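Here is work.pdb, consisting of PDB, C-alpha atoms:
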```
ATOM      1  CA  MET A   1      20.568  -7.860 -30.100
ATOM      2  CA  THR A   2      19.407  -5.477 -27.396
ATOM      3  CA  GLN A   3      21.439  -4.858 -24.277
ATOM      4  CA  SER A   4      18.891  -6.726 -22.113
ATOM      5  CA  CYS A   5      19.447  -9.903 -24.117
ATOM      6  CA  ASN A   6      23.145  -9.875 -23.211
ATOM      7  CA  HIS A   7      22.029 -10.738 -19.689
ATOM      8  CA  LYS A   8      19.895 -13.726 -18.662
ATOM      9  CA  SER A   9      17.589 -13.913 -15.670
ATOM     10  CA  GLY A  10      14.630 -15.953 -14.573
ATOM     11  CA  PHE A  11      12.660 -17.719 -11.881
ATOM     12  CA  VAL A  12      13.586 -21.355 -11.257
ATOM     13  CA  ASN A  13      10.865 -23.001  -9.190
ATOM     14  CA  ILE A  14      11.378 -26.335  -7.436
ATOM     15  CA  VAL A  15       8.285 -28.492  -6.847
ATOM     16  CA  GLY A  16       7.527 -32.104  -5.979
ATOM     17  CA  ASN A  17       6.241 -34.469  -3.320
ATOM     18  CA  PRO A  18       7.402 -34.294   0.309
ATOM     19  CA  ASN A  19      10.814 -35.736   1.212
ATOM     20  CA  VAL A  20      12.200 -35.943  -2.323
ATOM     21  CA  GLY A  21      15.076 -33.577  -1.491
ATOM     22  CA  LYS A  22      13.875 -30.248  -2.858
ATOM     23  CA  SER A  23      15.472 -28.212  -0.055
ATOM     24  CA  THR A  24      18.763 -30.093  -0.296
ATOM     25  CA  LEU A  25      18.766 -29.463  -4.031
ATOM     26  CA  MET A  26      18.110 -25.746  -3.705
ATOM     27  CA  ASN A  27      20.835 -25.354  -1.107
ATOM     28  CA  ALA A  28      23.231 -27.180  -3.444
ATOM     29  CA  LEU A  29      22.275 -25.041  -6.445
ATOM     30  CA  VAL A  30      22.437 -21.768  -4.493
ATOM     31  CA  GLY A  31      25.595 -22.703  -2.612
ATOM     32  CA  GLU A  32      24.113 -21.506   0.689
ATOM     33  CA  ARG A  33      22.100 -23.234   3.404
ATOM     34  CA  LEU A  34      18.834 -21.327   3.081
ATOM     35  CA  SER A  35      16.206 -24.056   3.454
ATOM     36  CA  ILE A  36      16.085 -26.179   6.592
ATOM     37  CA  ILE A  37      16.513 -29.908   6.070
ATOM     38  CA  THR A  38      15.251 -32.804   8.183
ATOM     39  CA  SER A  39      14.144 -36.376   7.514
ATOM     40  CA  LYS A  40      10.561 -35.456   8.400
ATOM     41  CA  ALA A  41       7.920 -34.627   5.807
ATOM     42  CA  GLN A  42       6.495 -31.094   5.590
ATOM     43  CA  THR A  43       9.751 -29.502   6.767
ATOM     44  CA  THR A  44       9.364 -26.613   4.296
ATOM     45  CA  ARG A  45       6.285 -24.501   4.961
ATOM     46  CA  HIS A  46       7.012 -21.334   2.988
ATOM     47  CA  ARG A  47       8.172 -20.522  -0.510
ATOM     48  CA  ILE A  48      11.816 -19.567   0.020
ATOM     49  CA  MET A  49      13.916 -17.717  -2.556
ATOM     50  CA  GLY A  50      17.622 -18.139  -3.132
ATOM     51  CA  ILE A  51      19.320 -15.875  -5.659
ATOM     52  CA  VAL A  52      22.436 -16.825  -7.624
ATOM     53  CA  ASN A  53      24.224 -14.024  -9.468
ATOM     54  CA  GLY A  54      26.850 -14.083 -12.181
ATOM     55  CA  GLU A  55      28.234 -11.367 -14.379
ATOM     56  CA  ASP A  56      25.767 -12.145 -17.151
ATOM     57  CA  PHE A  57      22.975 -14.001 -15.351
ATOM     58  CA  GLN A  58      20.688 -14.097 -12.319
ATOM     59  CA  MET A  59      18.882 -17.259 -11.186
ATOM     60  CA  VAL A  60      16.039 -16.775  -8.707
ATOM     61  CA  TYR A  61      15.357 -20.168  -7.144
ATOM     62  CA  SER A  62      12.232 -20.965  -5.128
ATOM     63  CA  ASP A  63      12.015 -23.899  -2.744
ATOM     64  CA  THR A  64       8.386 -24.856  -2.086
ATOM     65  CA  PRO A  65       6.504 -27.076   0.382
ATOM     66  CA  GLY A  66       6.002 -30.690  -0.606
ATOM     67  CA  VAL A  67       2.723 -31.291  -2.421
ATOM     68  CA  LEU A  68       0.113 -32.890  -0.163
ATOM     69  CA  SER A  69      -3.604 -33.364   0.375
ATOM     70  CA  PRO A  70      -4.398 -30.723   3.004
ATOM     71  CA  ASN A  71      -6.045 -31.670   6.285
ATOM     72  CA  TYR A  72      -6.159 -28.193   7.826
ATOM     73  CA  ARG A  73      -5.799 -24.546   6.835
ATOM     74  CA  LEU A  74      -2.003 -24.408   7.251
ATOM     75  CA  GLN A  75      -1.573 -27.250   4.761
ATOM     76  CA  GLU A  76      -3.951 -25.490   2.368
ATOM     77  CA  LYS A  77      -1.673 -22.444   2.508
ATOM     78  CA  MET A  78       1.378 -24.644   1.937
ATOM     79  CA  LEU A  79      -0.278 -26.144  -1.150
ATOM     80  CA  GLU A  80      -1.033 -22.624  -2.418
ATOM     81  CA  PHE A  81       2.693 -21.838  -2.263
ATOM     82  CA  SER A  82       3.425 -24.950  -4.352
ATOM     83  CA  ARG A  83       0.721 -24.189  -6.905
ATOM     84  CA  SER A  84       1.857 -20.588  -7.265
ATOM     85  CA  ALA A  85       5.272 -21.900  -8.320
ATOM     86  CA  LEU A  86       3.661 -23.396 -11.437
ATOM     87  CA  VAL A  87       2.425 -19.992 -12.558
ATOM     88  CA  ASP A  88       5.488 -17.745 -12.489
ATOM     89  CA  ALA A  89       8.333 -20.100 -13.431
ATOM     90  CA  ASP A  90      10.754 -19.612 -16.306
ATOM     91  CA  VAL A  91      12.310 -22.982 -15.489
ATOM     92  CA  LEU A  92      10.323 -25.571 -13.538
ATOM     93  CA  LEU A  93      12.183 -28.331 -11.705
ATOM     94  CA  TYR A  94       9.868 -31.226 -10.892
ATOM     95  CA  VAL A  95      11.811 -33.262  -8.346
ATOM     96  CA  THR A  96      11.165 -36.922  -7.688
ATOM     97  CA  GLU A  97      13.396 -39.583  -6.133
ATOM     98  CA  VAL A  98      14.128 -43.232  -6.621
ATOM     99  CA  GLN A  99      11.528 -44.442  -4.104
ATOM    100  CA  ASP A 100       8.898 -41.787  -4.774
ATOM    101  CA  ASN A 101       5.358 -42.855  -5.641
ATOM    102  CA  PRO A 102       4.351 -40.983  -8.820
ATOM    103  CA  GLU A 103       0.665 -41.680  -8.127
ATOM    104  CA  ARG A 104       0.855 -39.651  -4.929
ATOM    105  CA  ASN A 105      -0.698 -36.219  -5.581
ATOM    106  CA  ALA A 106      -1.475 -37.151  -9.176
ATOM    107  CA  ASP A 107      -3.563 -34.001  -9.694
ATOM    108  CA  PHE A 108      -0.503 -31.807  -9.175
ATOM    109  CA  LEU A 109       1.575 -33.951 -11.531
ATOM    110  CA  ASP A 110      -1.170 -33.600 -14.150
ATOM    111  CA  LYS A 111      -0.721 -29.822 -13.960
ATOM    112  CA  VAL A 112       3.002 -30.268 -14.547
ATOM    113  CA  LYS A 113       2.263 -32.528 -17.528
ATOM    114  CA  LYS A 114       0.070 -29.837 -19.090
ATOM    115  CA  ILE A 115       2.782 -27.223 -18.618
ATOM    116  CA  CYS A 116       5.356 -29.589 -20.081
ATOM    117  CA  ALA A 117       3.181 -30.397 -23.091
ATOM    118  CA  ALA A 118       2.634 -26.685 -23.729
ATOM    119  CA  SER A 119       6.329 -25.838 -23.591
ATOM    120  CA  LYS A 120       7.985 -25.184 -26.931
ATOM    121  CA  SER A 121      11.466 -26.286 -27.874
ATOM    122  CA  VAL A 122      14.005 -23.476 -27.849
ATOM    123  CA  SER A 123      15.148 -22.800 -31.380
ATOM    124  CA  PRO A 124      15.867 -19.667 -33.438
ATOM    125  CA  LYS A 125      12.795 -18.199 -35.104
ATOM    126  CA  ASP A 126      12.383 -15.778 -37.990
ATOM    127  CA  GLY A 127      14.043 -12.495 -37.134
ATOM    128  CA  LEU A 128      15.913 -13.954 -34.146
ATOM    129  CA  SER A 129      19.670 -14.294 -34.445
ATOM    130  CA  SER A 130      20.350 -16.750 -31.602
ATOM    131  CA  VAL A 131      18.967 -19.322 -29.224
ATOM    132  CA  SER A 132      19.215 -16.728 -26.426
ATOM    133  CA  GLU A 133      16.737 -14.527 -28.263
ATOM    134  CA  ALA A 134      14.493 -17.519 -28.853
ATOM    135  CA  VAL A 135      14.514 -18.229 -25.115
ATOM    136  CA  CYS A 136      13.344 -14.654 -24.607
ATOM    137  CA  GLN A 137      10.164 -15.510 -26.567
ATOM    138  CA  ARG A 138       9.175 -18.602 -24.557
ATOM    139  CA  ALA A 139       5.630 -18.303 -23.176
ATOM    140  CA  THR A 140       5.720 -21.404 -20.980
ATOM    141  CA  PRO A 141       8.474 -22.614 -18.641
ATOM    142  CA  ALA A 142      11.111 -25.119 -19.570
ATOM    143  CA  VAL A 143      10.425 -28.258 -17.510
ATOM    144  CA  PHE A 144      13.254 -30.364 -16.092
ATOM    145  CA  LEU A 145      12.500 -33.709 -14.441
ATOM    146  CA  VAL A 146      15.006 -34.285 -11.642
ATOM    147  CA  ILE A 147      15.435 -37.824 -10.282
ATOM    148  CA  ASN A 148      17.137 -37.375  -6.914
ATOM    149  CA  LYS A 149      18.888 -39.808  -4.538
ATOM    150  CA  ILE A 150      20.286 -41.980  -7.319
ATOM    151  CA  ASP A 151      23.064 -43.036  -4.939
ATOM    152  CA  LEU A 152      20.424 -45.170  -3.209
ATOM    153  CA  THR A 153      19.525 -47.337  -6.204
ATOM    154  CA  THR A 154      20.999 -49.561  -8.912
ATOM    155  CA  GLN A 155      21.770 -48.689 -12.519
ATOM    156  CA  ASP A 156      19.026 -51.012 -13.800
ATOM    157  CA  THR A 157      16.413 -49.419 -11.551
ATOM    158  CA  LEU A 158      17.548 -45.952 -12.560
ATOM    159  CA  GLU A 159      17.238 -46.811 -16.251
ATOM    160  CA  ARG A 160      13.686 -48.046 -15.680
ATOM    161  CA  LEU A 161      12.864 -44.823 -13.828
ATOM    162  CA  VAL A 162      14.259 -42.710 -16.662
ATOM    163  CA  ASP A 163      12.117 -44.640 -19.153
ATOM    164  CA  PHE A 164       9.044 -44.268 -16.936
ATOM    165  CA  TRP A 165       9.460 -40.511 -16.510
ATOM    166  CA  HIS A 166      10.236 -40.008 -20.179
ATOM    167  CA  ALA A 167       6.846 -41.584 -20.924
ATOM    168  CA  GLN A 168       5.149 -39.382 -18.315
ATOM    169  CA  LEU A 169       6.819 -36.113 -19.376
ATOM    170  CA  PRO A 170       8.158 -36.674 -22.900
ATOM    171  CA  GLU A 171       8.976 -32.998 -23.452
ATOM    172  CA  ALA A 172      10.992 -32.681 -20.228
ATOM    173  CA  GLU A 173      14.742 -33.060 -20.018
ATOM    174  CA  ILE A 174      15.648 -35.637 -17.360
ATOM    175  CA  PHE A 175      18.479 -35.169 -14.851
ATOM    176  CA  PRO A 176      19.452 -38.076 -12.549
ATOM    177  CA  ILE A 177      21.270 -36.556  -9.554
ATOM    178  CA  SER A 178      22.203 -36.956  -5.918
ATOM    179  CA  ALA A 179      21.753 -33.556  -4.277
ATOM    180  CA  GLN A 180      23.200 -34.860  -1.023
ATOM    181  CA  GLU A 181      26.377 -36.099  -2.732
ATOM    182  CA  ARG A 182      26.416 -33.183  -5.225
ATOM    183  CA  PHE A 183      26.461 -35.659  -8.105
ATOM    184  CA  GLY A 184      24.986 -34.193 -11.293
ATOM    185  CA  VAL A 185      24.198 -30.836  -9.651
ATOM    186  CA  ALA A 186      26.753 -28.882 -11.704
ATOM    187  CA  GLN A 187      25.322 -30.252 -14.964
ATOM    188  CA  LEU A 188      21.809 -29.334 -13.845
ATOM    189  CA  PHE A 189      22.991 -25.833 -12.905
ATOM    190  CA  ASP A 190      24.502 -25.330 -16.370
ATOM    191  CA  ALA A 191      21.327 -26.538 -18.080
ATOM    192  CA  ILE A 192      19.215 -24.139 -16.008
ATOM    193  CA  LYS A 193      21.503 -21.269 -16.933
ATOM    194  CA  ASP A 194      21.210 -22.142 -20.622
ATOM    195  CA  ALA A 195      17.404 -22.197 -20.351
ATOM    196  CA  LEU A 196      17.057 -18.799 -18.680
ATOM    197  CA  PRO A 197      15.277 -16.100 -20.696
ATOM    198  CA  ALA A 198      17.242 -13.027 -21.684
ATOM    199  CA  GLY A 199      16.596  -9.954 -19.581
ATOM    200  CA  PRO A 200      17.883  -7.706 -16.802
ATOM    201  CA  PRO A 201      18.209  -8.897 -13.176
ATOM    202  CA  PHE A 202      15.113  -8.801 -10.984
ATOM    203  CA  PHE A 203      17.034  -8.136  -7.758
ATOM    204  CA  PRO A 204      20.239  -6.297  -6.796
ATOM    205  CA  LYS A 205      23.281  -8.359  -7.669
ATOM    206  CA  ASP A 206      24.413  -8.603  -4.027
ATOM    207  CA  GLN A 207      21.072  -9.945  -2.775
ATOM    208  CA  LEU A 208      20.951 -13.602  -1.694
ATOM    209  CA  THR A 209      17.288 -14.056  -0.748
ATOM    210  CA  ASP A 210      13.971 -12.256  -0.340
ATOM    211  CA  LYS A 211      13.671 -13.314   3.311
ATOM    212  CA  SER A 212      14.833 -11.401   6.389
ATOM    213  CA  GLU A 213      17.324 -12.511   9.036
ATOM    214  CA  ARG A 214      14.382 -12.901  11.431
ATOM    215  CA  PHE A 215      12.773 -15.399   9.043
ATOM    216  CA  PHE A 216      15.887 -17.583   8.977
ATOM    217  CA  VAL A 217      16.201 -17.424  12.762
ATOM    218  CA  ASN A 218      12.609 -18.702  12.939
ATOM    219  CA  GLU A 219      13.447 -21.504  10.518
ATOM    220  CA  ILE A 220      16.594 -22.574  12.368
ATOM    221  CA  ILE A 221      14.680 -22.848  15.646
ATOM    222  CA  ARG A 222      11.889 -24.769  13.932
ATOM    223  CA  GLU A 223      14.458 -27.120  12.398
ATOM    224  CA  LYS A 224      15.762 -27.982  15.878
ATOM    225  CA  ILE A 225      12.218 -28.658  17.036
ATOM    226  CA  LEU A 226      11.709 -31.012  14.080
ATOM    227  CA  GLN A 227      14.936 -32.801  14.986
ATOM    228  CA  ASN A 228      14.255 -33.115  18.733
ATOM    229  CA  TYR A 229      10.551 -33.960  18.987
ATOM    230  CA  ASP A 230       8.391 -36.702  17.521
ATOM    231  CA  LYS A 231       4.818 -37.310  16.424
ATOM    232  CA  GLU A 232       2.560 -34.265  16.188
ATOM    233  CA  ILE A 233       4.666 -31.809  18.228
ATOM    234  CA  PRO A 234       6.806 -30.376  15.361
ATOM    235  CA  TYR A 235       3.765 -29.919  13.129
ATOM    236  CA  SER A 236       1.792 -28.100  15.835
ATOM    237  CA  VAL A 237       4.518 -25.500  16.378
ATOM    238  CA  GLU A 238       5.172 -22.052  14.943
ATOM    239  CA  VAL A 239       8.115 -19.820  15.860
ATOM    240  CA  GLU A 240       8.108 -16.033  15.986
ATOM    241  CA  VAL A 241      11.028 -13.733  16.761
ATOM    242  CA  GLU A 242       9.699 -11.207  19.267
ATOM    243  CA  SER A 243      12.865  -9.084  19.400
ATOM    244  CA  PHE A 244      16.081  -8.955  17.392
ATOM    245  CA  LYS A 245      18.672  -6.487  18.663
ATOM    246  CA  ASP A 246      21.980  -6.295  16.820
ATOM    247  CA  GLU A 247      24.462  -4.582  19.115
ATOM    248  CA  GLY A 248      27.455  -5.000  16.841
ATOM    249  CA  SER A 249      29.482  -7.783  18.393
ATOM    250  CA  ILE A 250      26.444  -9.657  19.763
ATOM    251  CA  VAL A 251      22.838 -10.161  18.698
ATOM    252  CA  HIS A 252      20.159 -10.488  21.384
ATOM    253  CA  ILE A 253      17.210 -12.572  20.182
ATOM    254  CA  CYS A 254      13.993 -13.417  21.975
ATOM    255  CA  ALA A 255      11.751 -15.950  20.218
ATOM    256  CA  ILE A 256       8.376 -17.428  21.089
ATOM    257  CA  ILE A 257       7.522 -21.036  20.268
ATOM    258  CA  TYR A 258       3.764 -21.325  19.847
ATOM    259  CA  CYS A 259       1.943 -24.645  20.178
ATOM    260  CA  GLU A 260      -1.738 -25.577  20.168
ATOM    261  CA  ARG A 261      -2.199 -27.396  23.489
ATOM    262  CA  ASP A 262      -1.085 -27.073  27.128
ATOM    263  CA  SER A 263       0.119 -30.685  26.984
ATOM    264  CA  GLN A 264       2.352 -29.814  24.021
ATOM    265  CA  LYS A 265       3.800 -26.899  25.955
ATOM    266  CA  GLY A 266       4.902 -29.259  28.722
ATOM    267  CA  ILE A 267       6.584 -31.608  26.254
ATOM    268  CA  LEU A 268       8.370 -28.736  24.514
ATOM    269  CA  ILE A 269       9.772 -27.422  27.801
ATOM    270  CA  GLY A 270      10.649 -30.821  29.249
ATOM    271  CA  LYS A 271      11.608 -31.739  32.798
ATOM    272  CA  ALA A 272      13.167 -28.701  34.500
ATOM    273  CA  GLY A 273      13.331 -27.029  31.072
ATOM    274  CA  SER A 274      15.824 -29.598  29.741
ATOM    275  CA  ALA A 275      14.199 -30.100  26.318
ATOM    276  CA  LEU A 276      13.866 -26.381  25.623
ATOM    277  CA  LYS A 277      17.468 -25.779  26.719
ATOM    278  CA  ARG A 278      18.666 -28.415  24.261
ATOM    279  CA  VAL A 279      16.752 -26.800  21.397
ATOM    280  CA  GLY A 280      18.059 -23.363  22.373
ATOM    281  CA  SER A 281      21.672 -24.520  22.540
ATOM    282  CA  GLN A 282      21.528 -26.219  19.128
ATOM    283  CA  ALA A 283      19.692 -23.303  17.527
ATOM    284  CA  ARG A 284      22.074 -20.708  18.950
ATOM    285  CA  LYS A 285      25.084 -22.408  17.378
ATOM    286  CA  ASP A 286      23.477 -22.507  13.932
ATOM    287  CA  ILE A 287      22.216 -18.921  14.222
ATOM    288  CA  GLU A 288      25.741 -17.796  15.096
ATOM    289  CA  ASP A 289      27.044 -19.598  12.008
ATOM    290  CA  PHE A 290      24.347 -17.942   9.895
ATOM    291  CA  LEU A 291      24.793 -14.406  11.273
ATOM    292  CA  GLN A 292      28.558 -14.737  11.810
ATOM    293  CA  LYS A 293      28.119 -13.085  15.216
ATOM    294  CA  GLN A 294      27.784 -14.085  18.839
ATOM    295  CA  VAL A 295      24.155 -14.688  19.769
ATOM    296  CA  PHE A 296      22.266 -14.503  23.050
ATOM    297  CA  LEU A 297      19.064 -16.486  22.501
ATOM    298  CA  GLN A 298      16.029 -16.648  24.773
ATOM    299  CA  LEU A 299      13.193 -19.071  24.028
ATOM    300  CA  PHE A 300       9.708 -19.072  25.546
ATOM    301  CA  VAL A 301       6.772 -21.398  24.890
ATOM    302  CA  LYS A 302       3.188 -20.158  24.654
ATOM    303  CA  VAL A 303      -0.121 -21.708  23.626
ATOM    304  CA  ASP A 304      -1.945 -20.349  20.561
ATOM    305  CA  ARG A 305      -4.927 -22.673  20.343
ATOM    306  CA  ASP A 306      -5.744 -24.123  16.911
ATOM    307  CA  TRP A 307      -3.551 -21.586  15.106
ATOM    308  CA  ARG A 308      -3.124 -23.971  12.162
ATOM    309  CA  SER A 309      -6.831 -23.620  11.337
ATOM    310  CA  SER A 310      -7.133 -19.871  11.898
ATOM    311  CA  THR A 311      -6.951 -17.697   8.777
ATOM    312  CA  SER A 312      -6.080 -14.596  10.792
ATOM    313  CA  ARG A 313      -3.330 -16.316  12.783
ATOM    314  CA  LEU A 314      -1.840 -17.883   9.636
ATOM    315  CA  LYS A 315      -1.735 -14.456   8.009
ATOM    316  CA  HIS A 316      -0.023 -13.087  11.124
ATOM    317  CA  TYR A 317       2.623 -15.833  10.859
ATOM    318  CA  GLY A 318       3.288 -15.045   7.198
ATOM    319  CA  TYR A 319       1.291 -17.735   5.406
ATOM    320  CA  ASP A 320      -0.269 -15.420   2.872
ATOM    321  CA  LEU A 321       0.302 -15.045  -0.850
ATOM    322  CA  SER A 322      -1.004 -11.476  -1.095
TER     323      SER A 322
END
```
Have the structure of the file written as structure tokens, please.
Amino acid sequence: MTQSCNHKSGFVNIVGNPNVGKSTLMNALVGERLSIITSKAQTTRHRIMGIVNGEDFQMVYSDTPGVLSPNYRLQEKMLEFSRSALVDADVLLYVTEVQDNPERNADFLDKVKKICAASKSVSPKDGLSSVSEAVCQRATPAVFLVINKIDLTTQDTLERLVDFWHAQLPEAEIFPISAQERFGVAQLFDAIKDALPAGPPFFPKDQLTDKSERFFVNEIIREKILQNYDKEIPYSVEVEVESFKDEGSIVHICAIIYCERDSQKGILIGKAGSALKRVGSQARKDIEDFLQKQVFLQLFVKVDRDWRSSTSRLKHYGYDLS
């Protein structure tokens, strides 16, 4: 066996419909709070990597936006992130939950079914001395069907769901879990590790993610907007860090919240700035926890009309696969 096959590494991509718990699952698997989590759909907009390293393995997880039928250019970009996760996975986690509608976004599920049908069972072949070497030869990803939120259902219902999904994806291994309660997550983690192809690490062993600190500051602020505003406001907003100055004991951050309409700007700011102050206070605390430093945070609101439908503005905000 070659030296590279003593080490296992691979890309573990998490896909599924909105609000099935993909971000909660990735955070549980990675052991760090990388993806923002709210009860609202479309919380995740980007493909976010979380890297787990061991002495003899590296797992590169990707959280992706929930699959949807796009109504504007931003949602088209979000769907591109989800589709790209089907192409470069070594292990594909298709996440559903106990109240999910499997007919929603059936076209995407059909793509998963084709990948699952094409996947080959991992077994030693001629000239290969172990299952690890057989994994190294796999041309298509291993597909795991994850049924999340099982703490919210009965045993009978869960058994029916397992039977249903076994019929839909007969080649997939099924994992009933509760990501929120951490039930079944350790078993899923071990199965992913076993399914990784042999090979050297893709990233330095001390690297946690491919995103910058600025990106996570943006996401934390956007999370607070999702939590504090209703209706269309959170979906019309983009956040951009204008300046990030680390002065050792304190980090000075200035961020711009962009919205599409003057009326939205007024709602975001609130009476005498009260709404924006609340968002800033909540975000600052979480940013300090993330950076492990004192933070001075300034927030401003500006109008960027129809940015969600502008290809150039979306590229500026980072919604680009190239």
query = On this structure, which residues satisfy the PyMOL selection byres ((chain A and resi 63) around 6), written as a PyMOL selection string?
reply = chain A and resi 14+47-48+62+64
task = Check the smallest atom-to-atom distance from each of A:Gly184, A:Gly16, A:Gly273, A:Pro201 to Val112 of chain A using only C-alpha atoms, then report the winner.
result = A:Gly16
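Within 7 Å of the point (18.6, -14.4, 22.9), and counting only C-alpha atoms, the protein, DNA and RNA residues are A:His252, A:Ile253, A:Cys254, A:Val295, A:Phe296, A:Leu297, A:Gln298.
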Spatial neighbours of Ala85 of chain A, max dist 12 Å, all atoms listed in the file, sep filter under 6 positions, as an MDAnalysis selection string = chainID A and resid 11:16 46:49 60:67 78:79 91:94 108 111:112 115 141 321
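If you measure from each of A:Ala89, A:Ile147, A:Val237, A:Ala167 to Ala117 of chain A using all atoms listed in the file, the closest one turns out to be A:Ala167.
For Ala28 of chain A, the non-local neighbours within 9 Å, defined as residues at least 6 positions apart in the same chain or in other chains and counting all atoms listed in the file, are Ala179, Gln180, Arg182 and Val185 of chain A.
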request  = Go through A:Val217, A:Val239, A:Leu169, A:Leu34 and flag the residue nearest Gly318 of chain A, using all atoms listed in the file for the distances.
outcome  = A:Val239
key: Atom pair atom CA of Asp56 of chain A / atom CA of Thr209 of chain A: separation (Å)   = 18.6 Å
request  = Could you list the residues chosen by the PyMOL selection byres ((chain A and resi 162) around 12) in this structure as number ranges by chain?
outcome  = A: 96-98, 145-148, 150, 155-161, 163-170, 172-177
Resulting file, chosen residues, C-alpha atoms, as a short mmCIF file (atom, residue, chain, number, x, y, z; two decimals), in the coordinates of the input:
```cif
data_model
loop_
_atom_site.label_atom_id
_atom_site.label_comp_id
_atom_site.auth_asym_id
_atom_site.auth_seq_id
_atom_site.Cartn_x
_atom_site.Cartn_y
_atom_site.Cartn_z
CA THR A 96 11.16 -36.92 -7.69
CA GLU A 97 13.40 -39.58 -6.13
CA VAL A 98 14.13 -43.23 -6.62
CA LEU A 145 12.50 -33.71 -14.44
CA VAL A 146 15.01 -34.28 -11.64
CA ILE A 147 15.44 -37.82 -10.28
CA ASN A 148 17.14 -37.38 -6.91
CA ILE A 150 20.29 -41.98 -7.32
CA GLN A 155 21.77 -48.69 -12.52
CA ASP A 156 19.03 -51.01 -13.80
CA THR A 157 16.41 -49.42 -11.55
CA LEU A 158 17.55 -45.95 -12.56
CA GLU A 159 17.24 -46.81 -16.25
CA ARG A 160 13.69 -48.05 -15.68
CA LEU A 161 12.86 -44.82 -13.83
CA ASP A 163 12.12 -44.64 -19.15
CA PHE A 164 9.04 -44.27 -16.94
CA TRP A 165 9.46 -40.51 -16.51
CA HIS A 166 10.24 -40.01 -20.18
CA ALA A 167 6.85 -41.58 -20.92
CA GLN A 168 5.15 -39.38 -18.32
CA LEU A 169 6.82 -36.11 -19.38
CA PRO A 170 8.16 -36.67 -22.90
CA ALA A 172 10.99 -32.68 -20.23
CA GLU A 173 14.74 -33.06 -20.02
CA ILE A 174 15.65 -35.64 -17.36
CA PHE A 175 18.48 -35.17 -14.85
CA PRO A 176 19.45 -38.08 -12.55
CA ILE A 177 21.27 -36.56 -9.55
#
```
request  = Quote the spacing between atom CA of Asp90 of chain A and atom CA of Asp194 of chain A in Å to one decimal place.
outcome  = 11.6 Å
remark   = Across A:Ser119, A:Gln42, A:Asn17, A:Gln75, the smallest distance to Arg104 of chain A, with only C-alpha atoms counted, is shown by A:Asn17
inquiry  = Residues near Asn53 of chain A, anyone? I mean within 8 Å using all atoms listed in the file, not counting same-chain ones fewer than 3 positions away, as a PyMOL selection string.
reply    = chain A and resi 57-59+205-206
Selected residue of minimal separation from Leu29 of chain A among A:Ala142, A:Ala186, A:Ile220, A:Ala106, counting all atoms listed in the file = A:Ala186
ask   = the PyMOL selection byres ((chain A and resi 208) around 8) on the file shown: which residues, as a list in words?
value = Gly50, Ile51, Val52, Asp206, Gln207, Thr209 and Asp210 of chain A
Using the selection just defined, write its residues with C-alpha atoms as a short mmCIF file (atom, residue, chain, number, x, y, z; two decimals), in the coordinates of the input.
```
data_model
loop_
_atom_site.label_atom_id
_atom_site.label_comp_id
_atom_site.auth_asym_id
_atom_site.auth_seq_id
_atom_site.Cartn_x
_atom_site.Cartn_y
_atom_site.Cartn_z
CA GLY A 50 17.62 -18.14 -3.13
CA ILE A 51 19.32 -15.88 -5.66
CA VAL A 52 22.44 -16.82 -7.62
CA ASP A 206 24.41 -8.60 -4.03
CA GLN A 207 21.07 -9.94 -2.78
CA THR A 209 17.29 -14.06 -0.75
CA ASP A 210 13.97 -12.26 -0.34
#
```
Test item: which residues lie within 10 Å of (7.7, -21.0, 17.8) counting all atoms listed in the file, as a list of chain:residue names = A:Asn218, A:Glu219, A:Ile221, A:Arg222, A:Ile225, A:Pro234, A:Ser236, A:Val237, A:Glu238, A:Val239, A:Glu240, A:Val241, A:Ala255, A:Ile256, A:Ile257, A:Tyr258, A:Cys259, A:Leu299, A:Phe300, A:Val301, A:Lys302, A:Val303
Write a file of the selected residues as a tab-separated table (two decimals), in the frame of the given file, keeping C-alpha atoms.
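Result went into selection.tsv, see below:
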```tsv
chain	number	residue	atom	x	y	z
A	218	ASN	CA	12.61	-18.70	12.94
A	219	GLU	CA	13.45	-21.50	10.52
A	221	ILE	CA	14.68	-22.85	15.65
A	222	ARG	CA	11.89	-24.77	13.93
A	225	ILE	CA	12.22	-28.66	17.04
A	234	PRO	CA	6.81	-30.38	15.36
A	236	SER	CA	1.79	-28.10	15.84
A	237	VAL	CA	4.52	-25.50	16.38
A	238	GLU	CA	5.17	-22.05	14.94
A	239	VAL	CA	8.12	-19.82	15.86
A	240	GLU	CA	8.11	-16.03	15.99
A	241	VAL	CA	11.03	-13.73	16.76
A	255	ALA	CA	11.75	-15.95	20.22
A	256	ILE	CA	8.38	-17.43	21.09
A	257	ILE	CA	7.52	-21.04	20.27
A	258	TYR	CA	3.76	-21.32	19.85
A	259	CYS	CA	1.94	-24.64	20.18
A	299	LEU	CA	13.19	-19.07	24.03
A	300	PHE	CA	9.71	-19.07	25.55
A	301	VAL	CA	6.77	-21.40	24.89
A	302	LYS	CA	3.19	-20.16	24.65
A	303	VAL	CA	-0.12	-21.71	23.63
```
key: Separation of atom CA of Lys8 of chain A from atom CA of Gly199 of chain A, in Å and rounded to one decimal   = 5.1 Å
ask   = So, counting all atoms listed in the file, which residue among A:Gly31, A:Pro102, A:Pro197, A:Gly21 is closest to Asn6 of chain A?
value = A:Pro197
Show me, as lines of an AutoDock Vina configuration file, the centre and edge lengths in Å to one decimal of the axis-aligned box that covers every listed atom of segment 213-227 of chain A with 3 Å on each side.
```
center_x = 14.5
center_y = -22.7
center_z = 13.0
size_x = 11.6
size_y = 26.3
size_z = 14.1
```
Could you give me, as JSON lines, every segment 6-72 of chain A residue with an atom at most 12 Å from segment 281-292 of chain A, plus its closest atom pair and distance in Å to one decimal, counting only C-alpha atoms, rows ordered by chain then number?
```
{"residue": "A:Glu32", "atom": "CA", "partner": "A:Phe290", "partner_atom": "CA", "distance": 9.9}
{"residue": "A:Arg33", "atom": "CA", "partner": "A:Phe290", "partner_atom": "CA", "distance": 8.7}
{"residue": "A:Leu34", "atom": "CA", "partner": "A:Phe290", "partner_atom": "CA", "distance": 9.4}
{"residue": "A:Ile36", "atom": "CA", "partner": "A:Asp286", "partner_atom": "CA", "distance": 11.0}
```
